[in-house]
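*Asks:* Next comes coords_2.cif, mmCIF, C-alpha atoms and all ligand atoms:
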```
data_model
#
loop_
_atom_site.label_atom_id
_atom_site.label_comp_id
_atom_site.auth_asym_id
_atom_site.auth_seq_id
_atom_site.Cartn_x
_atom_site.Cartn_y
_atom_site.Cartn_z
CA MET A 1 -66.73 18.42 -22.72
CA GLU A 2 -67.06 15.11 -20.90
CA VAL A 3 -63.61 13.68 -20.09
CA ILE A 4 -64.19 10.83 -17.61
CA ARG A 5 -67.28 8.79 -16.70
CA THR A 6 -67.52 6.54 -13.64
CA ALA A 7 -70.38 4.42 -12.29
CA ARG A 8 -72.15 7.49 -10.85
CA LEU A 9 -70.24 10.55 -12.01
CA ILE A 10 -69.36 12.62 -15.04
CA LEU A 11 -66.10 14.60 -14.89
CA ARG A 12 -66.10 17.33 -17.49
CA THR A 13 -64.56 20.67 -18.40
CA TRP A 14 -66.12 23.82 -16.99
CA ARG A 15 -68.81 25.99 -18.57
CA ALA A 16 -69.45 29.65 -17.82
CA ASP A 17 -72.95 28.71 -16.64
CA ASP A 18 -71.47 26.59 -13.80
CA ALA A 19 -70.70 29.84 -11.98
CA PRO A 20 -73.89 30.24 -9.87
CA ALA A 21 -73.81 26.64 -8.54
CA PHE A 22 -70.07 26.84 -7.81
CA TYR A 23 -70.58 30.20 -6.09
CA ARG A 24 -73.29 28.68 -3.82
CA LEU A 25 -71.07 25.69 -2.98
CA ASN A 26 -68.23 27.99 -1.89
CA ALA A 27 -70.54 30.18 0.18
CA ASP A 28 -71.14 27.27 2.59
CA PRO A 29 -68.94 27.59 5.72
CA ARG A 30 -68.82 23.78 6.04
CA VAL A 31 -67.06 23.66 2.67
CA THR A 32 -64.62 26.47 3.48
CA GLU A 33 -63.79 25.38 7.04
CA PHE A 34 -60.21 24.56 5.93
CA LEU A 35 -60.03 26.93 2.95
CA PRO A 36 -59.28 30.67 2.97
CA GLY A 37 -62.98 31.54 2.63
CA ALA A 38 -65.95 32.06 0.33
CA LEU A 39 -65.30 33.17 -3.25
CA THR A 40 -66.75 36.27 -4.84
CA MET A 41 -68.54 35.83 -8.19
CA GLU A 42 -65.48 37.40 -9.87
CA GLU A 43 -63.23 34.79 -8.22
CA VAL A 44 -65.60 31.99 -9.30
CA GLU A 45 -65.51 33.25 -12.90
CA ALA A 46 -61.70 33.51 -12.77
CA PHE A 47 -61.52 29.96 -11.38
CA ILE A 48 -63.58 28.66 -14.30
CA VAL A 49 -61.45 30.49 -16.87
CA PHE A 50 -58.26 29.23 -15.17
CA GLN A 51 -59.48 25.60 -15.23
CA GLN A 52 -60.44 25.91 -18.91
CA GLY A 53 -56.94 27.21 -19.70
CA LEU A 54 -55.26 24.57 -17.54
CA PHE A 55 -57.14 21.81 -19.40
CA ALA A 56 -56.15 23.30 -22.76
CA ARG A 57 -52.48 23.50 -21.69
CA THR A 58 -52.04 20.24 -19.77
CA GLY A 59 -54.95 17.90 -20.63
CA GLY A 60 -56.10 17.94 -17.02
CA CYS A 61 -57.77 20.30 -14.56
CA TYR A 62 -59.96 20.25 -11.48
CA PHE A 63 -62.87 18.73 -13.42
CA ALA A 64 -66.43 19.85 -12.85
CA LEU A 65 -68.08 16.85 -11.19
CA GLU A 66 -71.66 16.07 -12.18
CA VAL A 67 -73.89 13.46 -10.63
CA GLU A 68 -74.87 11.34 -13.63
CA SER A 69 -78.43 10.61 -12.47
CA THR A 70 -79.42 14.26 -11.90
CA ARG A 71 -76.79 16.20 -13.91
CA GLU A 72 -76.29 18.33 -10.79
CA LEU A 73 -72.90 20.04 -10.31
CA ALA A 74 -71.64 18.45 -7.07
CA GLY A 75 -68.22 20.18 -7.03
CA PHE A 76 -64.85 19.26 -8.49
CA VAL A 77 -62.26 16.52 -8.48
CA GLY A 78 -59.20 16.65 -10.64
CA LEU A 79 -55.58 17.25 -11.42
CA LYS A 80 -53.65 20.51 -11.41
CA ARG A 81 -50.20 20.93 -12.92
CA HIS A 82 -47.74 23.19 -11.08
CA GLU A 83 -44.62 24.38 -12.88
CA LEU A 84 -41.51 26.02 -11.46
CA ASP A 85 -42.72 29.33 -12.83
CA SER A 86 -46.38 28.98 -11.74
CA PRO A 87 -47.60 32.19 -10.05
CA VAL A 88 -47.90 30.34 -6.72
CA ARG A 89 -44.72 28.28 -6.56
CA LEU A 90 -44.94 25.10 -4.49
CA PRO A 91 -41.65 23.98 -2.91
CA PHE A 92 -41.93 20.55 -4.61
CA ALA A 93 -42.89 21.85 -8.09
CA PRO A 94 -42.92 20.79 -10.84
CA CYS A 95 -45.68 18.38 -9.85
CA SER A 96 -49.33 17.47 -10.43
CA ASP A 97 -51.73 17.55 -7.53
CA ILE A 98 -55.08 15.86 -7.08
CA GLY A 99 -57.72 17.96 -5.34
CA TRP A 100 -61.42 17.90 -4.49
CA ARG A 101 -64.21 20.11 -3.21
CA LEU A 102 -67.80 18.89 -2.94
CA ALA A 103 -71.01 20.59 -1.87
CA ALA A 104 -71.71 19.45 1.72
CA PRO A 105 -74.97 17.60 0.85
CA HIS A 106 -72.84 15.31 -1.35
CA TRP A 107 -70.35 14.33 1.35
CA GLY A 108 -70.36 10.77 2.68
CA LYS A 109 -71.54 9.21 -0.58
CA GLY A 110 -68.11 8.14 -1.81
CA TYR A 111 -68.15 10.61 -4.74
CA ALA A 112 -64.74 12.09 -3.83
CA ILE A 113 -63.10 8.65 -3.76
CA GLU A 114 -64.89 7.49 -6.91
CA GLY A 115 -63.96 10.61 -8.86
CA ALA A 116 -60.41 10.69 -7.49
CA ARG A 117 -59.70 7.04 -8.37
CA ALA A 118 -60.75 7.79 -11.95
CA CYS A 119 -58.53 10.91 -11.98
CA LEU A 120 -55.51 8.96 -10.72
CA ASN A 121 -56.04 6.41 -13.49
CA PHE A 122 -56.41 9.24 -16.02
CA GLY A 123 -53.31 11.02 -14.71
CA PHE A 124 -51.06 8.00 -14.65
CA HIS A 125 -52.23 6.56 -17.96
CA ALA A 126 -53.75 9.20 -20.25
CA LEU A 127 -51.41 11.98 -19.08
CA GLY A 128 -48.41 9.72 -18.38
CA LEU A 129 -47.64 11.21 -14.96
CA ASP A 130 -45.08 9.42 -12.79
CA GLU A 131 -46.31 10.84 -9.51
CA ILE A 132 -49.37 12.67 -8.14
CA VAL A 133 -49.30 14.63 -4.87
CA SER A 134 -52.02 16.02 -2.64
CA PHE A 135 -51.94 18.44 0.26
CA THR A 136 -54.16 20.01 2.86
CA VAL A 137 -54.04 21.53 6.31
CA PRO A 138 -53.30 18.94 9.05
CA GLU A 139 -56.77 19.43 10.62
CA ASN A 140 -58.67 18.51 7.43
CA ARG A 141 -59.33 14.90 8.41
CA ARG A 142 -61.96 14.32 5.70
CA SER A 143 -59.54 15.29 2.97
CA ARG A 144 -56.69 13.28 4.50
CA ALA A 145 -59.04 10.27 4.74
CA VAL A 146 -59.65 10.52 1.00
CA MET A 147 -55.87 10.65 0.37
CA GLU A 148 -55.30 7.64 2.60
CA LYS A 149 -58.14 5.63 1.03
CA LEU A 150 -56.54 6.30 -2.36
CA GLY A 151 -53.32 4.69 -1.11
CA MET A 152 -51.40 7.98 -0.95
CA ARG A 153 -48.66 8.15 1.69
CA GLU A 154 -47.75 11.13 3.80
CA ASP A 155 -44.31 12.55 3.04
CA THR A 156 -43.59 13.44 6.65
CA ALA A 157 -40.55 15.50 5.67
CA GLY A 158 -42.58 17.35 3.03
CA GLY A 159 -44.82 19.51 5.23
CA PHE A 160 -44.75 23.10 3.98
CA ALA A 161 -46.10 26.61 4.40
CA HIS A 162 -48.51 27.27 1.53
CA PRO A 163 -46.94 29.98 -0.64
CA ALA A 164 -50.33 31.60 -1.39
CA LEU A 165 -50.80 32.51 2.28
CA PRO A 166 -48.78 34.60 4.73
CA PRO A 167 -46.69 32.31 7.02
CA THR A 168 -48.64 33.55 10.04
CA HIS A 169 -52.03 32.60 8.51
CA PRO A 170 -53.78 29.85 10.53
CA LEU A 171 -54.13 27.75 7.34
CA SER A 172 -50.50 28.20 6.26
CA ARG A 173 -49.14 24.83 7.37
CA HIS A 174 -49.87 21.93 4.99
CA VAL A 175 -49.22 18.21 5.00
CA LEU A 176 -48.08 16.54 1.79
CA TYR A 177 -49.09 13.14 0.43
CA ARG A 178 -47.58 11.37 -2.56
CA LEU A 179 -48.44 8.45 -4.84
CA THR A 180 -46.22 7.11 -7.62
CA ARG A 181 -47.58 5.34 -10.66
CA ALA A 182 -45.70 2.19 -9.65
CA ASP A 183 -47.27 2.19 -6.17
CA ALA A 184 -50.74 3.01 -7.48
CA PHE A 185 -50.98 -0.11 -9.57
CA LYS A 186 -48.59 -2.57 -7.99
CA ASP A 187 -51.41 -4.55 -6.31
CA ARG A 188 -53.88 -4.19 -9.15
CA PRO A 189 -52.11 -5.06 -12.41
CA ARG A 190 -55.35 -6.06 -14.19
CA GLU A 191 -56.81 -2.58 -13.75
CA VAL A 192 -54.04 -0.98 -15.74
CA GLY A 193 -55.41 0.64 -18.89
C1 LIG A 201 -62.83 16.44 1.42
C2 LIG A 201 -64.18 16.01 0.86
C3 LIG A 201 -64.20 16.04 -0.65
C4 LIG A 201 -64.42 14.57 1.36
O1 LIG A 201 -65.75 14.19 1.08
P1 LIG A 201 -66.32 12.82 1.64
O2 LIG A 201 -67.74 12.76 1.29
O3 LIG A 201 -65.90 12.63 3.05
O4 LIG A 201 -65.48 11.78 0.82
P2 LIG A 201 -66.10 10.61 -0.05
O5 LIG A 201 -67.08 11.15 -1.00
O6 LIG A 201 -65.01 9.85 -0.63
O7 LIG A 201 -66.84 9.76 0.99
C5 LIG A 201 -66.18 8.89 1.83
C6 LIG A 201 -67.21 8.45 2.81
O8 LIG A 201 -68.45 8.13 2.17
C7 LIG A 201 -68.83 6.78 2.53
N1 LIG A 201 -69.52 6.18 1.39
C8 LIG A 201 -70.85 6.18 1.27
N2 LIG A 201 -71.20 5.56 0.13
C9 LIG A 201 -70.07 5.17 -0.47
C10 LIG A 201 -69.77 4.48 -1.67
N3 LIG A 201 -70.75 4.04 -2.51
N4 LIG A 201 -68.49 4.27 -2.00
C11 LIG A 201 -67.50 4.67 -1.18
N5 LIG A 201 -67.72 5.33 -0.04
C12 LIG A 201 -69.00 5.57 0.33
C13 LIG A 201 -67.56 6.11 2.91
O9 LIG A 201 -67.80 5.08 3.83
C14 LIG A 201 -66.77 7.23 3.51
O10 LIG A 201 -67.16 7.38 4.84
P3 LIG A 201 -66.13 7.25 6.03
O11 LIG A 201 -65.40 8.56 6.09
O12 LIG A 201 -67.00 7.02 7.19
O13 LIG A 201 -65.24 6.12 5.68
C15 LIG A 201 -65.31 16.92 1.41
O14 LIG A 201 -65.33 16.85 2.80
C16 LIG A 201 -65.15 18.38 0.99
O15 LIG A 201 -65.47 18.76 -0.12
N6 LIG A 201 -64.67 19.22 1.92
C17 LIG A 201 -64.56 20.67 1.70
C18 LIG A 201 -63.48 21.07 0.71
C19 LIG A 201 -62.14 20.60 1.13
O16 LIG A 201 -61.76 20.66 2.30
N7 LIG A 201 -61.40 20.12 0.13
C20 LIG A 201 -60.05 19.69 0.33
C21 LIG A 201 -59.15 20.85 0.44
S1 LIG A 201 -57.47 20.27 0.43
#
```
For this file, produce the structure as structure tokens.
Ligand SMILES: CC(C)(COP(=O)(O)OP(=O)(O)OC[C@H]1O[C@@H](n2cnc3c(N)ncnc32)[C@H](O)[C@@H]1OP(=O)(O)O)[C@@H](O)C(=O)NCCC(=O)NCCS
*Replies:*
Amino acid sequence: MEVIRTARLILRTWRADDAPAFYRLNADPRVTEFLPGALTMEEVEAFIVFQQGLFARTGGCYFALEVESTRELAGFVGLKRHELDSPVRLPFAPCSDIGWRLAAPHWGKGYAIEGARACLNFGFHALGLDEIVSFTVPENRRSRAVMEKLGMREDTAGGFAHPALPPTHPLSRHVLYRLTRADAFKDRPREVG
């Protein structure tokens, strides 16, 4: 189901037949440089089922991101709700995070920013969120650049060890960025709605 359309992108819910393209995307070491690693086909299928359930429960998910002109699956951009009782409990839950993962040939085209701006608008308005957070490992400059271009601010006291990883894992330490609804739209009142 299509949920959001931008100038160049379609953000939609996941289909079971997205699995092979998403598997290939995650098999690329450029994509997983700052992630725990490639996903097995079982993990890809579980990811798709999880996102479908998350959308049904919360109205948002990491949306499948299609390039409108080719209908190619370029990756995902979207919103993930974390509750206090989520299986992986973040220290600042409950919260909603914005996240992204694109196939490397689609980097540098502005798709992450374009999709993420639409997701922030969707989160703050359609879902009524008051705040959206984002996090990554300190070394992931590309991801932090997206956060900063979106106007998110680092919560320097909010750095944390990701609860899904052992504390000694090289990717354990994460930086945290935040954006409130008020800050997101304070300079752009005419874009509201
Ligand atoms: C993080 C990630 C999504 C960023 O992708 P990206 O292509 O750098 O980000 P964007 O699509 O927003 O592109 C921004 C760049 O495209 C350029 N660009 C090209 N055309 C553009 C356009 N029409 N509009 C805006 N920007 C454009 C921008 O100038 C910018 O380049 P810059 O960094 O030199 O300023 C990508 O690197 C990725 O998927 N990484 C692997 C997964 C990952 O680490 N995810 C995050 C885990 S927390």
*Asks:* Could you pull the residues within 6 Å of Leu11 in chain A, counting only C-alpha atoms, minus those fewer than 6 positions along the same chain, as a list of chain:residue names?
*Replies:*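 Listed by chain and then number, they are A:Val3, A:Ile4, A:Phe63, A:Ala64, A:Leu65.
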*Asks:* Do a neighbour search on Leu165 in chain A at 12 Å with only C-alpha atoms, toss out local chain neighbours closer than 2 positions, and write the hits as a PyMOL selection string.
*Replies:* chain A and resi 35-36+88-90+160-163+167-174
*Asks:* Just to be explicit: take each residue in the selection above, keep C-alpha atoms, and write the result as a CSV table (one decimal), in the coordinates of the input.
*Replies:*
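Dumped everything to again_20.csv:
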```csv
chain,number,residue,atom,x,y,z
A,35,LEU,CA,-60.0,26.9,3.0
A,36,PRO,CA,-59.3,30.7,3.0
A,88,VAL,CA,-47.9,30.3,-6.7
A,89,ARG,CA,-44.7,28.3,-6.6
A,90,LEU,CA,-44.9,25.1,-4.5
A,160,PHE,CA,-44.8,23.1,4.0
A,161,ALA,CA,-46.1,26.6,4.4
A,162,HIS,CA,-48.5,27.3,1.5
A,163,PRO,CA,-46.9,30.0,-0.6
A,167,PRO,CA,-46.7,32.3,7.0
A,168,THR,CA,-48.6,33.6,10.0
A,169,HIS,CA,-52.0,32.6,8.5
A,170,PRO,CA,-53.8,29.8,10.5
A,171,LEU,CA,-54.1,27.8,7.3
A,172,SER,CA,-50.5,28.2,6.3
A,173,ARG,CA,-49.1,24.8,7.4
A,174,HIS,CA,-49.9,21.9,5.0
```
*Asks:* Grab all the atoms of ligand LIG 201 (chain A) that the file lists, wrap them in a box along x, y and z, add 4 Å per side, and give me centre plus edge lengths in Å (one decimal) as JSON.
*Replies:*
```
{"center_x": -64.3, "center_y": 12.6, "center_z": 2.3, "size_x": 21.7, "size_y": 25.0, "size_z": 17.7}
```
*Asks:* Wanna dump the chain A-ligand LIG 201 (chain A) contacts at 10 Å for me, each residue with its shortest atom pair and the distance in Å to one decimal, counting only C-alpha atoms and all ligand atoms, ordered by chain and number, as a tab-separated table?
*Replies:*
```
residue	atom	partner	partner_atom	distance
A:Ala7	CA	A:LIG201	N3	9.8
A:Arg8	CA	A:LIG201	N3	9.1
A:Leu25	CA	A:LIG201	O15	9.4
A:Asn26	CA	A:LIG201	C18	8.8
A:Asp28	CA	A:LIG201	C17	9.4
A:Pro29	CA	A:LIG201	C17	9.1
A:Arg30	CA	A:LIG201	C17	6.8
A:Val31	CA	A:LIG201	C17	4.0
A:Thr32	CA	A:LIG201	C17	6.1
A:Glu33	CA	A:LIG201	O16	7.0
A:Phe34	CA	A:LIG201	O16	5.5
A:Leu35	CA	A:LIG201	O16	6.5
A:Ala74	CA	A:LIG201	O15	9.3
A:Gly75	CA	A:LIG201	O15	7.6
A:Phe76	CA	A:LIG201	O15	8.4
A:Val77	CA	A:LIG201	C3	8.1
A:Ile98	CA	A:LIG201	S1	9.0
A:Gly99	CA	A:LIG201	S1	6.2
A:Trp100	CA	A:LIG201	C3	5.1
A:Arg101	CA	A:LIG201	O15	3.6
A:Leu102	CA	A:LIG201	O15	3.7
A:Ala103	CA	A:LIG201	O15	6.1
A:Ala104	CA	A:LIG201	O15	6.5
A:Pro105	CA	A:LIG201	O2	8.7
A:His106	CA	A:LIG201	O2	6.3
A:Trp107	CA	A:LIG201	O2	3.0
A:Gly108	CA	A:LIG201	O8	3.3
A:Lys109	CA	A:LIG201	C8	3.6
A:Gly110	CA	A:LIG201	O5	3.3
A:Tyr111	CA	A:LIG201	O5	3.9
A:Ala112	CA	A:LIG201	O5	3.8
A:Ile113	CA	A:LIG201	O6	3.9
A:Glu114	CA	A:LIG201	O6	6.7
A:Gly115	CA	A:LIG201	O6	8.3
A:Ala116	CA	A:LIG201	O6	8.3
A:Arg117	CA	A:LIG201	O6	9.8
A:Ser134	CA	A:LIG201	S1	7.6
A:Phe135	CA	A:LIG201	S1	5.8
A:Thr136	CA	A:LIG201	S1	4.1
A:Val137	CA	A:LIG201	S1	6.9
A:Pro138	CA	A:LIG201	S1	9.7
A:Glu139	CA	A:LIG201	O16	9.8
A:Asn140	CA	A:LIG201	O16	6.4
A:Arg141	CA	A:LIG201	C1	8.0
A:Arg142	CA	A:LIG201	C1	4.9
A:Ser143	CA	A:LIG201	C1	3.8
A:Arg144	CA	A:LIG201	C1	7.6
A:Ala145	CA	A:LIG201	O11	6.7
A:Val146	CA	A:LIG201	O6	5.6
A:Met147	CA	A:LIG201	C1	9.1
A:Lys149	CA	A:LIG201	O6	8.2
A:Leu150	CA	A:LIG201	O6	9.3
A:His174	CA	A:LIG201	S1	9.0
A:Val175	CA	A:LIG201	S1	9.7
```
*Asks:* Of the residues A:Gln51, A:Gly59, A:Thr6, A:Met41, which is the one nearest to Ala126 in chain A, using only C-alpha atoms?
*Replies:* A:Gly59
*Asks:* Expressed in Å to a single decimal, how great is the separation between CA of Phe124 in chain A and CA of Leu84 in chain A?
*Replies:*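 According to the coordinates, CA of Phe124 in chain A and CA of Leu84 in chain A are separated by 20.6 Å.
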*Asks:* From the options A:Pro87, A:Arg81, A:Ala93, A:Glu45, which residue's atoms come nearest to Leu127 in chain A, counting only C-alpha atoms?
*Replies:*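 Of A:Pro87, A:Arg81, A:Ala93, A:Glu45, the one nearest Leu127 in chain A, counting only C-alpha atoms, is A:Arg81.
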*Asks:* Counting only C-alpha atoms, find the residues whose atoms lie at most 10 Å from (-62.4, 31.5, -11.9) (file coordinates) and write them out as a list of chain:residue names.
*Replies:*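 Those within range, by chain then number, are A:Trp14, A:Ala16, A:Ala19, A:Phe22, A:Leu39, A:Thr40, A:Met41, A:Glu42, A:Glu43, A:Val44, A:Glu45, A:Ala46, A:Phe47, A:Ile48, A:Val49, A:Phe50, A:Gln51, A:Gln52.
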*Asks:* In Å, rounded to a single decimal, give me how far CA of Arg12 in chain A is from CA of His82 in chain A.
*Replies:* 20.3 Å
*Asks:* At what distance in Å, to one decimal, does CA of Cys119 in chain A lie from CA of Gly158 in chain A?
*Replies:* 22.8 Å
*Asks:* For Ala184 in chain A, list every protein, DNA or RNA residue within 10 Å, evaluated using all atoms listed in the file, and leave out those in the same chain fewer than 6 positions away; present the list as number ranges by chain.
*Replies:* A: 117, 120-121, 124, 131-132, 150-152, 192
*Asks:* Counting all atoms listed in the file, which of A:Arg178, A:Tyr62, A:Arg153, A:Arg5 gets nearest to Cys95 in chain A?
*Replies:* A:Arg178
*Asks:* Please determine, counting only C-alpha atoms, which residue among A:Ala27, A:Asp183, A:Glu68, A:Arg57 has the shortest atom-to-atom distance to Glu2 in chain A.
*Replies:*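 Going through A:Ala27, A:Asp183, A:Glu68, A:Arg57 one by one, the smallest distance to Glu2 in chain A is for A:Glu68.
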